[in-house]
Amino acid sequence: MPSPSPSTSPPPSRLWRDRSFRRLWAGQTASQFGEHTAVVVLPLVAVVTLGAEAGQLGALRAASQAPMLLLSLLVGAWVDRWRTRTVMVAADAGRAVVLGAVAVAAFTGRLDLVSLAVAAVVVGTLSVFFDVAYQASAVRLVARDELVRANSALEGSRSAAQTGGPALGGVLVSLLSAPVAVASGAVFFAVSFLSVRGIRRTESVPRRAPGGSGVWSRVRDGWRFVVGDAALRAVCVASAAFQFAFSAATTVYLLFLPRDLSLSGAGVGLVLAAVGPGALVGSVLAARLPRRFGYGRVLVTAAVVGDGVWLCVPALHGSPAVTVPVLCGVGLVFGAGGQLVNVTVMAVRQTLTPDGMQARVAATVTCVGMGATPLGSLLGGLLAEVWGTRPALAVAAVGMLVSPVVMAVSPLGRLRRALPPGSGGSGGGE
């Protein structure tokens with residue numbers, strides 16, 4: 001899928017006239033908001049309502065992230081054989097029920113850390129199914145020449161939800177109550193269920209070969225494909241390095257904001273929300289900059305700027321009137337750089353991957369990259385307990401810069417304005 005030269009005007013986009021894509025995008029947006037509301041609401045409830053310590057918070061976040069490490073490869077193999085609409089609808093329904101049950105437990109005063117951990121594991125598991133499925137669904141529903149635009153829209157929603165969801169959760173926990181905060185995630189999943197369920201286009205599910213291979217054989221095929229491609233290997237290593245360090249930083253950050261900087265729940269929500277506008281800017285830039293300056297140059301530069309801005313966070317002191325504007329600026333820069341990297345990497349990955357392996361490759365990258373997050377969360381909680389939040393946050397911020405170094409010395413850093421032709425248009429279901 002070579003990109004057009006800068007002098008070539010792209011044809012008018014058909015994307016937003018496509019009813020199936022609009023429903024996918026709307027459902028994915030609601031689902032991402034529900035997922036990322038829950039990701040931060042549950043830890044905030046643990047800290048603010050149940051008085052969880054740093055180690056307990058790290059363990060809770062690790063429990064919610066463990067399914068990405070343990071199940072992503074299997075989920076990718078299964079989703080490649082199923083209709084993605086069915087997978088997404090089932091995942092939405094399950095998560096809505098689980099969070100509804102947690103909200104009831106919180107309302108009746110029966111909520112405890114064990115209940116939160118169980119709910120976090122179940123929601124995390126179903127989120128792996130949904131996230132792998134929507135990425136494969138985009139490839140099945142959208143024409144190849146519209147994939148960059150589709151990914152920009154989907155990744156824009158995801159990145160906006162990564163901050164908009166936590167910001168909403170922080171405000172709800174602070175101003176209303178824990179049951180309302182948890183229930184908000186259930187409402188988002190219900191909205192996603194209704195939207196995705198309305199997709200009517202028949203998917204082109206990759207054909208199964210006669211006497212098709214088993215699940216583990218398909219998992220190995222996806223793994224070998226990623227390992228055999230130097231660019232995809234670099235995506236995995238860079239993603240793992242970033243997610244490990246960022247997960248540690250986030251765990252410490254959720255303690256640092258209310259306890260060291262004395263921010264209220266609303267203040268925490270505002271700071272977290274600042275990443276959202278930055279992510280929207282990054283989505284717009286991702287549709288233009290790689291084709292103008294080259295994919296590799298954009299990837300490395302965006303990662304260095306977006307991740308490097310975290311280095312100033314541990315040094316912050318003062319009243320919220322001083323720290324909140326600075327932290328919002330950090331969030332804006334981080335959101336723009338991170339989103340630019342996310343969309344560009346996804347375009348590279350999908351271009352190099354056959355249709356019949358999209359879910360498996362997405363799951364392999366998720367397993368290697370996001371699978372490192374439970375370990376990062378545990379490390380962040382441990383470092384905060386032993387060293388304190390400021391030193392722990394500084395170490396995690398330095399660790400985030402490993403990712404752009406990996407990209408710079410790999411084939412990703414040498415990508416030009418046109419992506420190399422891959423096997424993305426071929427079948428290859430087995």
# chains A, B, ... in the order shown; residues from 1 in each chain; ligands from 1
>>> select_by_dssp(residues="region 165-367 of chain A", states="helix (DSSP H, G or I)", output="ChimeraX atom specification")
/A:165-175,178-197,215-227,230-260,265-273,275-286,289-293,295-315,320-351,355-367
>>> residues_around(residues="Tyr253 (chain A)", least_positions_apart="6", cutoff="10 Å", atoms="only C-alpha atoms", output="list in words")
Phe246, Ser247, Arg259, Asp260, Val268, Val313, Pro314, Gly380, Ala384, Thr389, Arg390, Ala392 and Leu393 of chain A
>>> atom_distance(atom1="CA of Ser377 (chain A)", atom2="CA of Ala136 (chain A)")
28.0 Å
>>> closest_atom_pairs(of="region 248-285 of chain A", to="region 174-184 of chain A", cutoff="10 Å", atoms="only C-alpha atoms", output="tab-separated table")
residue	atom	partner	partner_atom	distance
A:Ser264	CA	A:Ser174	CA	7.3
A:Gly265	CA	A:Ser174	CA	4.7
A:Ala266	CA	A:Ser174	CA	6.3
A:Gly267	CA	A:Ser174	CA	9.4
A:Val268	CA	A:Ser174	CA	9.5
A:Gly269	CA	A:Ser174	CA	9.2
>>> atom_distance(atom1="CA of Gly156 (chain A)", atom2="CA of Met88 (chain A)")
18.9 Å
>>> atom_distance(atom1="CA of Trp78 (chain A)", atom2="CA of Gln28 (chain A)")
19.7 Å
>>> residues_around(residues="Gly308 (chain A)", least_positions_apart="3", cutoff="9 Å", atoms="only C-alpha atoms", output="list in words")
Ala303, Val304, Val305, Leu311, Cys312, Phe334, Ala397, Val398, Met400 and Leu401 of chain A
>>> residues_around(residues="Phe33 (chain A)", least_positions_apart="3", cutoff="6 Å", atoms="only C-alpha atoms", output="number ranges by chain")
A: 30, 36-37, 161, 165
>>> closest_residue(among="A:Asp92, A:Asp229, A:Glu385, A:Asp80", to="Phe188 (chain A)", atoms="only C-alpha atoms")
A:Asp92
>>> residues_around(residues="Arg200 (chain A)", least_positions_apart="5", cutoff="12 Å", atoms="only C-alpha atoms", output="ChimeraX atom specification")
/A:18-24,83,85-86,141,195
>>> residues_around(residues="region 51-67 of chain A", least_positions_apart="2", cutoff="10 Å", atoms="only C-alpha atoms", output="PyMOL selection string")
chain A and resi 38-40+42-49+69-72+113-114+116-129+247-248+250-252+254-255+367+370-386+388-389
